[in-house]
Amino acid sequence: MHVSTPRLELSNKPAALVLRAARLAGPLFRDDAAERTGLSISTVNRQVSALLKAGLIRERADLAPSGAIGRPRLPFEVNLAEFLTLGIHIGYKVTSITTHDLLHRVVGAIQIPTPVADTPEQTLAAIGVSARRFAERWTGKRVLWVGVALGGRVAEGGIVDHPRLGWEGAPVGRVIAEAVGLPVSVASHVEAMAAAELVLNPDDEQSSFLYFYAREMLGIAFSVGGTVHTPTAGPPVIGHFPTGATTLLDPNRTGRLEPAVSDTGIVEAARALGLTVSDVEGLHGLARAGDATARALLEERAEVLGRTVGLIADIFNPDHIILGGQAFTDYPTSLPTVARAVRETSIVAKRDVRISHSGATVQQQAAGAVSLDAIYSDPLQAITLTA
């Protein structure tokens with residue numbers, strides 16, 4: 001079983017550059033690939049030949065110019081007919097399992113309640129069985145790799161400490177690899193979400209960005225020069241940050257960010273205010289229907305999140321900020337409040353604030369980015385490990 005820690009970067013290996021050019025601009029000719037990658041035409045020819053042999057790309061003879069002679073005038077593209085990867089996002093309440101093609105597109109998806117068991121190994125084994133069964137649906141396709149994204153600190157070998165789930169030293173990589181029978185990469189989910197942004201928008205290779213995630217858990221990641229920074233000590237923890245003064249949020253007066261603005265925290269605040277809701281979607285529904293209390297509660301959540309984003313941005317001073325997670329995407333009405341709070345809090349007058357390209361599928365895209373990381377980083381090496 002092969003378990004790895006993903007690199008979460010835009011690789012500069014020749015085969016990776018050619019594959020990325022095919023993913024972003026294919027079908028394309030070899031001379032066009034040389035221009036896009038900065039590689040010599042001889043290097044491109046060698047990489048194209050190797051990628052064709054591995055089956056990761058295919059030639060399009062039907063698109064050859066009339067009268068063209070020789071293979072270099074045959075355009076090539078990513079081979080979408082044969083391969084898939086398998087993504088698993090393990091959440092506090094819900095686990096999503098997805099299949100992805102080599103363009104990082106979601107081909108299929110299911111959600112299951114995150115299993116509750118006596119040990120992490122039992123929980124992971126149950127998730128692995130569901131993932132294997134889901135992968136088996138795709139007859140005629142070869143699943144190359146599994147990517148697991150989840151909260152907490154991920155150490156070498158896919159060993160995870162996840163305080164929210166009560167896991168310490170959980171062998172995530174090994175158990176999933178044994179259950180599914182494929183190579184596995186394991187990454188912290190917020191860093192994986194930032195990596196998904198690089199996959200979806202590789203122009204960010206030339207800039208830096210702060211990724212801020214908020215839903216049931218909160219977290220941040222920082223990317224610069226096409227690489228997501230992965231601290232040795234684990235991802236930054238921000239759930240304990242002070243919220244500042246609140247009126248409707250945080251009925252237990254913890255003064256801490258995650259208990260106040262997480263999905264669970266905001267539902268507790270809504271109930272304390274007399275609203276009959278069982279989940280955050282119900283609160284959104286009340287707000288859209290015109291309930292003044294629900295709207296005020298969601299606006300205060302946006303205010304607190306925006307203040308926090310502004311303060312953290314002043315520490316990293318990124319070229320732009322990306323907001324991800326359903327706390328932002330599921331109630332877009334409050335986004336102007338987030339932007340205003342960032343502007344009023346940050347020392348920089350005009351921060352460039354964007355919403356994640358992944359939208360409401362951010363967890364799926366994160367798991368997909370991890371599952372494709374080995375192939376995108378070193379495709380020829382990765383394909384040998386899946387043989």
# chains A, B, ... in the order shown; residues from 1 in each chain; ligands from 1

$ residues_around --residues "Gln381 in chain A" --least-positions-apart "2" --cutoff "12 Å" --atoms "only C-alpha atoms" --output "list in words"
Lys13, Ala15, Ala16, Ala50, Leu51, Ala54, Asp373, Ala374, Ile375, Tyr376, Ser377, Asp378, Pro379, Ile383, Thr384, Leu385, Thr386 and Ala387 of chain A

$ residues_around --residues "Glu156 in chain A" --least-positions-apart "3" --cutoff "10 Å" --atoms "only C-alpha atoms" --output "list of chain:residue names"
A:Val3, A:Ser4, A:Thr5, A:Pro6, A:Ile159, A:Val160, A:Gly173, A:Val186, A:Ala187, A:Thr232

$ residues_around --residues "range 107-120 of chain A" --least-positions-apart "5" --cutoff "7 Å" --atoms "only C-alpha atoms" --output "PyMOL selection string"
chain A and resi 90-101+126+167+170

$ write_last_selection --atoms "N, CA, C and O atoms" --output "compact mmCIF listing (two decimals), in the first residue's frame"
# COMPACT_ATOMS: atom_id res chain seq x y z
N ILE A 90 -13.81 13.84 4.67
CA ILE A 90 -14.37 13.38 5.94
C ILE A 90 -14.70 14.61 6.78
O ILE A 90 -13.80 15.32 7.25
N GLY A 91 -15.98 14.89 6.94
CA GLY A 91 -16.42 16.02 7.73
C GLY A 91 -16.86 15.58 9.12
O GLY A 91 -16.98 14.38 9.41
N TYR A 92 -17.11 16.57 9.95
CA TYR A 92 -17.52 16.27 11.33
C TYR A 92 -18.85 15.53 11.35
O TYR A 92 -19.04 14.60 12.15
N LYS A 93 -19.75 15.89 10.45
CA LYS A 93 -21.06 15.26 10.40
C LYS A 93 -21.29 14.44 9.14
O LYS A 93 -21.97 13.42 9.17
N VAL A 94 -20.76 14.92 8.01
CA VAL A 94 -21.03 14.30 6.71
C VAL A 94 -19.73 14.00 5.99
O VAL A 94 -18.79 14.81 6.03
N THR A 95 -19.67 12.85 5.35
CA THR A 95 -18.54 12.47 4.51
C THR A 95 -19.01 12.40 3.07
O THR A 95 -20.03 11.78 2.78
N SER A 96 -18.28 13.07 2.17
CA SER A 96 -18.61 13.00 0.74
C SER A 96 -17.59 12.14 0.03
O SER A 96 -16.39 12.16 0.35
N ILE A 97 -18.06 11.37 -0.94
CA ILE A 97 -17.22 10.49 -1.75
C ILE A 97 -17.48 10.84 -3.20
O ILE A 97 -18.64 10.87 -3.64
N THR A 98 -16.42 11.11 -3.94
CA THR A 98 -16.57 11.59 -5.32
C THR A 98 -15.61 10.88 -6.25
O THR A 98 -14.54 10.42 -5.83
N THR A 99 -15.98 10.82 -7.50
CA THR A 99 -15.05 10.41 -8.55
C THR A 99 -14.77 11.62 -9.43
O THR A 99 -15.66 12.46 -9.66
N HIS A 100 -13.53 11.70 -9.92
CA HIS A 100 -13.09 12.85 -10.71
C HIS A 100 -12.38 12.37 -11.96
O HIS A 100 -11.65 11.37 -11.93
N ASP A 101 -12.59 13.08 -13.07
CA ASP A 101 -11.80 12.78 -14.26
C ASP A 101 -10.47 13.53 -14.18
O ASP A 101 -10.22 14.26 -13.21
N ALA A 126 -15.26 1.74 7.71
CA ALA A 126 -16.62 1.87 7.16
C ALA A 126 -16.63 2.84 5.99
O ALA A 126 -17.29 2.60 4.96
N TRP A 167 -9.84 12.12 17.41
CA TRP A 167 -8.82 11.21 16.89
C TRP A 167 -7.43 11.70 17.26
O TRP A 167 -7.12 12.87 17.14
N ALA A 170 -4.61 8.76 14.28
CA ALA A 170 -5.47 7.87 13.49
C ALA A 170 -4.79 7.51 12.17
O ALA A 170 -4.36 8.40 11.43

$ select_by_dssp --residues "range 86-249 of chain A" --states "strand (DSSP E)" --output "PyMOL selection string"
chain A and resi 86-90+94-100+106-113+142-150+153-155+159-162+167-171+184-188+208-214+218-224+227-228

$ atom_distance --atom1 "CA of Ala34 in chain A" --atom2 "CA of Ala64 in chain A"
17.7 Å

$ residues_around --residues "Gly181 in chain A" --least-positions-apart "2" --cutoff "10 Å" --atoms "only C-alpha atoms" --output "list in words"
Met1, His2, Gly128, Arg132, Trp145, Val146, Val175, Ile176, Ala177, Glu178, Ala179, Pro183, Val184 and Thr386 of chain A

$ write_last_selection --atoms "N, CA and C atoms" --output "PDB file, in the first residue's frame"
ATOM      1  N   MET A   1       0.841  -1.188   0.000  1.00  0.00           N
ATOM      2  CA  MET A   1       0.000   0.000   0.000  1.00  0.00           C
ATOM      3  C   MET A   1       0.880   1.242   0.000  1.00  0.00           C
ATOM      4  N   HIS A   2       0.561   2.184  -0.860  1.00  0.00           N
ATOM      5  CA  HIS A   2       1.331   3.426  -0.946  1.00  0.00           C
ATOM      6  C   HIS A   2       0.511   4.563  -0.347  1.00  0.00           C
ATOM      7  N   GLY A 128     -14.063   3.497   4.088  1.00  0.00           N
ATOM      8  CA  GLY A 128     -13.341   2.838   3.009  1.00  0.00           C
ATOM      9  C   GLY A 128     -14.203   1.849   2.248  1.00  0.00           C
ATOM     10  N   ARG A 132     -14.988   2.105  -1.696  1.00  0.00           N
ATOM     11  CA  ARG A 132     -14.676   1.024  -2.636  1.00  0.00           C
ATOM     12  C   ARG A 132     -15.912   0.632  -3.445  1.00  0.00           C
ATOM     13  N   TRP A 145      -6.142   6.667  -8.081  1.00  0.00           N
ATOM     14  CA  TRP A 145      -5.628   7.168  -6.802  1.00  0.00           C
ATOM     15  C   TRP A 145      -6.802   7.580  -5.928  1.00  0.00           C
ATOM     16  N   VAL A 146      -6.556   7.579  -4.626  1.00  0.00           N
ATOM     17  CA  VAL A 146      -7.544   8.066  -3.655  1.00  0.00           C
ATOM     18  C   VAL A 146      -6.971   9.285  -2.942  1.00  0.00           C
ATOM     19  N   VAL A 175      -5.590   2.709   6.621  1.00  0.00           N
ATOM     20  CA  VAL A 175      -6.894   2.045   6.651  1.00  0.00           C
ATOM     21  C   VAL A 175      -7.633   2.241   5.330  1.00  0.00           C
ATOM     22  N   ILE A 176      -7.591   3.451   4.788  1.00  0.00           N
ATOM     23  CA  ILE A 176      -8.276   3.691   3.518  1.00  0.00           C
ATOM     24  C   ILE A 176      -7.593   2.922   2.390  1.00  0.00           C
ATOM     25  N   ALA A 177      -6.264   2.894   2.388  1.00  0.00           N
ATOM     26  CA  ALA A 177      -5.542   2.152   1.351  1.00  0.00           C
ATOM     27  C   ALA A 177      -5.878   0.665   1.392  1.00  0.00           C
ATOM     28  N   GLU A 178      -5.952   0.108   2.596  1.00  0.00           N
ATOM     29  CA  GLU A 178      -6.290  -1.311   2.727  1.00  0.00           C
ATOM     30  C   GLU A 178      -7.718  -1.591   2.290  1.00  0.00           C
ATOM     31  N   ALA A 179      -8.633  -0.662   2.590  1.00  0.00           N
ATOM     32  CA  ALA A 179     -10.039  -0.882   2.261  1.00  0.00           C
ATOM     33  C   ALA A 179     -10.308  -0.735   0.767  1.00  0.00           C
ATOM     34  N   PRO A 183      -3.361   3.469  -4.126  1.00  0.00           N
ATOM     35  CA  PRO A 183      -2.520   4.463  -3.459  1.00  0.00           C
ATOM     36  C   PRO A 183      -3.380   5.591  -2.895  1.00  0.00           C
ATOM     37  N   VAL A 184      -2.951   6.146  -1.773  1.00  0.00           N
ATOM     38  CA  VAL A 184      -3.751   7.155  -1.062  1.00  0.00           C
ATOM     39  C   VAL A 184      -2.875   8.355  -0.718  1.00  0.00           C
ATOM     40  N   THR A 386       0.441   2.955  -9.665  1.00  0.00           N
ATOM     41  CA  THR A 386      -0.930   2.417  -9.754  1.00  0.00           C
ATOM     42  C   THR A 386      -0.998   1.132 -10.554  1.00  0.00           C
TER      43      THR A 386
END

$ atom_distance --atom1 "CA of Leu257 in chain A" --atom2 "CA of Thr329 in chain A"
18.8 Å

$ residues_around --residues "Ala366 in chain A" --least-positions-apart "6" --cutoff "9 Å" --atoms "only C-alpha atoms" --output "mmCIF file with all heavy atoms, in the first residue's frame"
data_model
loop_
_atom_site.group_PDB
_atom_site.id
_atom_site.type_symbol
_atom_site.label_atom_id
_atom_site.label_comp_id
_atom_site.auth_asym_id
_atom_site.auth_seq_id
_atom_site.Cartn_x
_atom_site.Cartn_y
_atom_site.Cartn_z
ATOM 1 N N GLY A 87 -12.145 10.733 -4.559
ATOM 2 C CA GLY A 87 -11.958 11.713 -3.498
ATOM 3 C C GLY A 87 -12.850 11.416 -2.300
ATOM 4 O O GLY A 87 -14.008 11.030 -2.462
ATOM 5 N N ILE A 88 -12.305 11.587 -1.102
ATOM 6 C CA ILE A 88 -13.075 11.396 0.136
ATOM 7 C C ILE A 88 -12.857 12.618 1.019
ATOM 8 O O ILE A 88 -11.716 12.928 1.371
ATOM 9 C CB ILE A 88 -12.620 10.126 0.897
ATOM 10 C CG1 ILE A 88 -12.729 8.886 0.009
ATOM 11 C CG2 ILE A 88 -13.437 9.947 2.176
ATOM 12 C CD1 ILE A 88 -12.137 7.624 0.647
ATOM 13 N N HIS A 89 -13.934 13.309 1.347
ATOM 14 C CA HIS A 89 -13.844 14.402 2.315
ATOM 15 C C HIS A 89 -14.567 13.964 3.580
ATOM 16 O O HIS A 89 -15.785 13.731 3.576
ATOM 17 C CB HIS A 89 -14.472 15.697 1.791
ATOM 18 C CG HIS A 89 -14.400 16.821 2.789
ATOM 19 N ND1 HIS A 89 -15.380 17.038 3.732
ATOM 20 C CD2 HIS A 89 -13.445 17.761 3.015
ATOM 21 C CE1 HIS A 89 -15.041 18.068 4.490
ATOM 22 N NE2 HIS A 89 -13.881 18.526 4.069
ATOM 23 N N GLY A 147 -7.774 10.333 -2.805
ATOM 24 C CA GLY A 147 -7.379 11.501 -2.033
ATOM 25 C C GLY A 147 -8.326 11.696 -0.868
ATOM 26 O O GLY A 147 -9.543 11.681 -1.043
ATOM 27 N N VAL A 148 -7.768 11.837 0.318
ATOM 28 C CA VAL A 148 -8.577 12.045 1.525
ATOM 29 C C VAL A 148 -8.273 13.431 2.075
ATOM 30 O O VAL A 148 -7.107 13.778 2.299
ATOM 31 C CB VAL A 148 -8.280 10.981 2.606
ATOM 32 C CG1 VAL A 148 -9.187 11.195 3.825
ATOM 33 C CG2 VAL A 148 -8.466 9.579 2.045
ATOM 34 N N ALA A 149 -9.306 14.230 2.271
ATOM 35 C CA ALA A 149 -9.182 15.555 2.874
ATOM 36 C C ALA A 149 -10.030 15.591 4.135
ATOM 37 O O ALA A 149 -11.178 15.142 4.125
ATOM 38 C CB ALA A 149 -9.628 16.641 1.897
ATOM 39 N N HIS A 189 -7.918 19.535 5.106
ATOM 40 C CA HIS A 189 -8.910 19.929 4.108
ATOM 41 C C HIS A 189 -8.832 21.390 3.686
ATOM 42 O O HIS A 189 -9.084 21.707 2.518
ATOM 43 C CB HIS A 189 -10.328 19.559 4.557
ATOM 44 C CG HIS A 189 -10.846 20.310 5.734
ATOM 45 N ND1 HIS A 189 -12.188 20.343 6.042
ATOM 46 C CD2 HIS A 189 -10.225 21.065 6.676
ATOM 47 C CE1 HIS A 189 -12.360 21.071 7.130
ATOM 48 N NE2 HIS A 189 -11.186 21.505 7.531
ATOM 49 N N VAL A 190 -8.460 22.312 4.551
ATOM 50 C CA VAL A 190 -8.394 23.715 4.141
ATOM 51 C C VAL A 190 -7.217 23.920 3.186
ATOM 52 O O VAL A 190 -7.325 24.647 2.189
ATOM 53 C CB VAL A 190 -8.304 24.648 5.355
ATOM 54 C CG1 VAL A 190 -8.237 26.103 4.909
ATOM 55 C CG2 VAL A 190 -9.509 24.439 6.268
ATOM 56 N N GLU A 191 -6.087 23.275 3.448
ATOM 57 C CA GLU A 191 -4.969 23.339 2.513
ATOM 58 C C GLU A 191 -5.357 22.706 1.178
ATOM 59 O O GLU A 191 -4.967 23.195 0.108
ATOM 60 C CB GLU A 191 -3.754 22.645 3.114
ATOM 61 C CG GLU A 191 -3.179 23.397 4.321
ATOM 62 C CD GLU A 191 -2.138 22.590 5.072
ATOM 63 O OE1 GLU A 191 -1.880 21.433 4.681
ATOM 64 O OE2 GLU A 191 -1.585 23.107 6.060
ATOM 65 N N ALA A 192 -6.140 21.623 1.225
ATOM 66 C CA ALA A 192 -6.603 20.989 -0.007
ATOM 67 C C ALA A 192 -7.549 21.915 -0.780
ATOM 68 O O ALA A 192 -7.529 21.941 -2.017
ATOM 69 C CB ALA A 192 -7.302 19.673 0.315
ATOM 70 N N MET A 193 -8.369 22.673 -0.075
ATOM 71 C CA MET A 193 -9.254 23.632 -0.750
ATOM 72 C C MET A 193 -8.452 24.725 -1.447
ATOM 73 O O MET A 193 -8.786 25.136 -2.567
ATOM 74 C CB MET A 193 -10.216 24.249 0.267
ATOM 75 C CG MET A 193 -11.241 23.279 0.822
ATOM 76 S SD MET A 193 -12.129 23.960 2.241
ATOM 77 C CE MET A 193 -12.940 22.486 2.868
ATOM 78 N N ALA A 194 -7.392 25.175 -0.798
ATOM 79 C CA ALA A 194 -6.517 26.155 -1.436
ATOM 80 C C ALA A 194 -5.851 25.551 -2.668
ATOM 81 O O ALA A 194 -5.701 26.227 -3.701
ATOM 82 C CB ALA A 194 -5.468 26.649 -0.441
ATOM 83 N N ALA A 195 -5.457 24.280 -2.585
ATOM 84 C CA ALA A 195 -4.856 23.609 -3.741
ATOM 85 C C ALA A 195 -5.859 23.498 -4.884
ATOM 86 O O ALA A 195 -5.488 23.619 -6.056
ATOM 87 C CB ALA A 195 -4.352 22.225 -3.341
ATOM 88 N N ALA A 196 -7.126 23.265 -4.553
ATOM 89 C CA ALA A 196 -8.160 23.204 -5.591
ATOM 90 C C ALA A 196 -8.278 24.532 -6.318
ATOM 91 O O ALA A 196 -8.537 24.575 -7.529
ATOM 92 C CB ALA A 196 -9.503 22.799 -4.981
ATOM 93 N N GLU A 197 -8.082 25.634 -5.601
ATOM 94 C CA GLU A 197 -8.109 26.940 -6.255
ATOM 95 C C GLU A 197 -6.977 27.057 -7.271
ATOM 96 O O GLU A 197 -7.153 27.641 -8.343
ATOM 97 C CB GLU A 197 -8.000 28.060 -5.214
ATOM 98 C CG GLU A 197 -9.197 28.157 -4.289
ATOM 99 C CD GLU A 197 -10.471 28.547 -5.023
ATOM 100 O OE1 GLU A 197 -10.409 29.424 -5.908
ATOM 101 O OE2 GLU A 197 -11.519 27.961 -4.711
ATOM 102 N N SER A 358 -14.848 27.070 -6.316
ATOM 103 C CA SER A 358 -15.542 25.805 -6.081
ATOM 104 C C SER A 358 -16.983 25.980 -5.624
ATOM 105 O O SER A 358 -17.784 25.049 -5.725
ATOM 106 C CB SER A 358 -14.774 24.991 -5.025
ATOM 107 O OG SER A 358 -13.453 24.744 -5.440
#
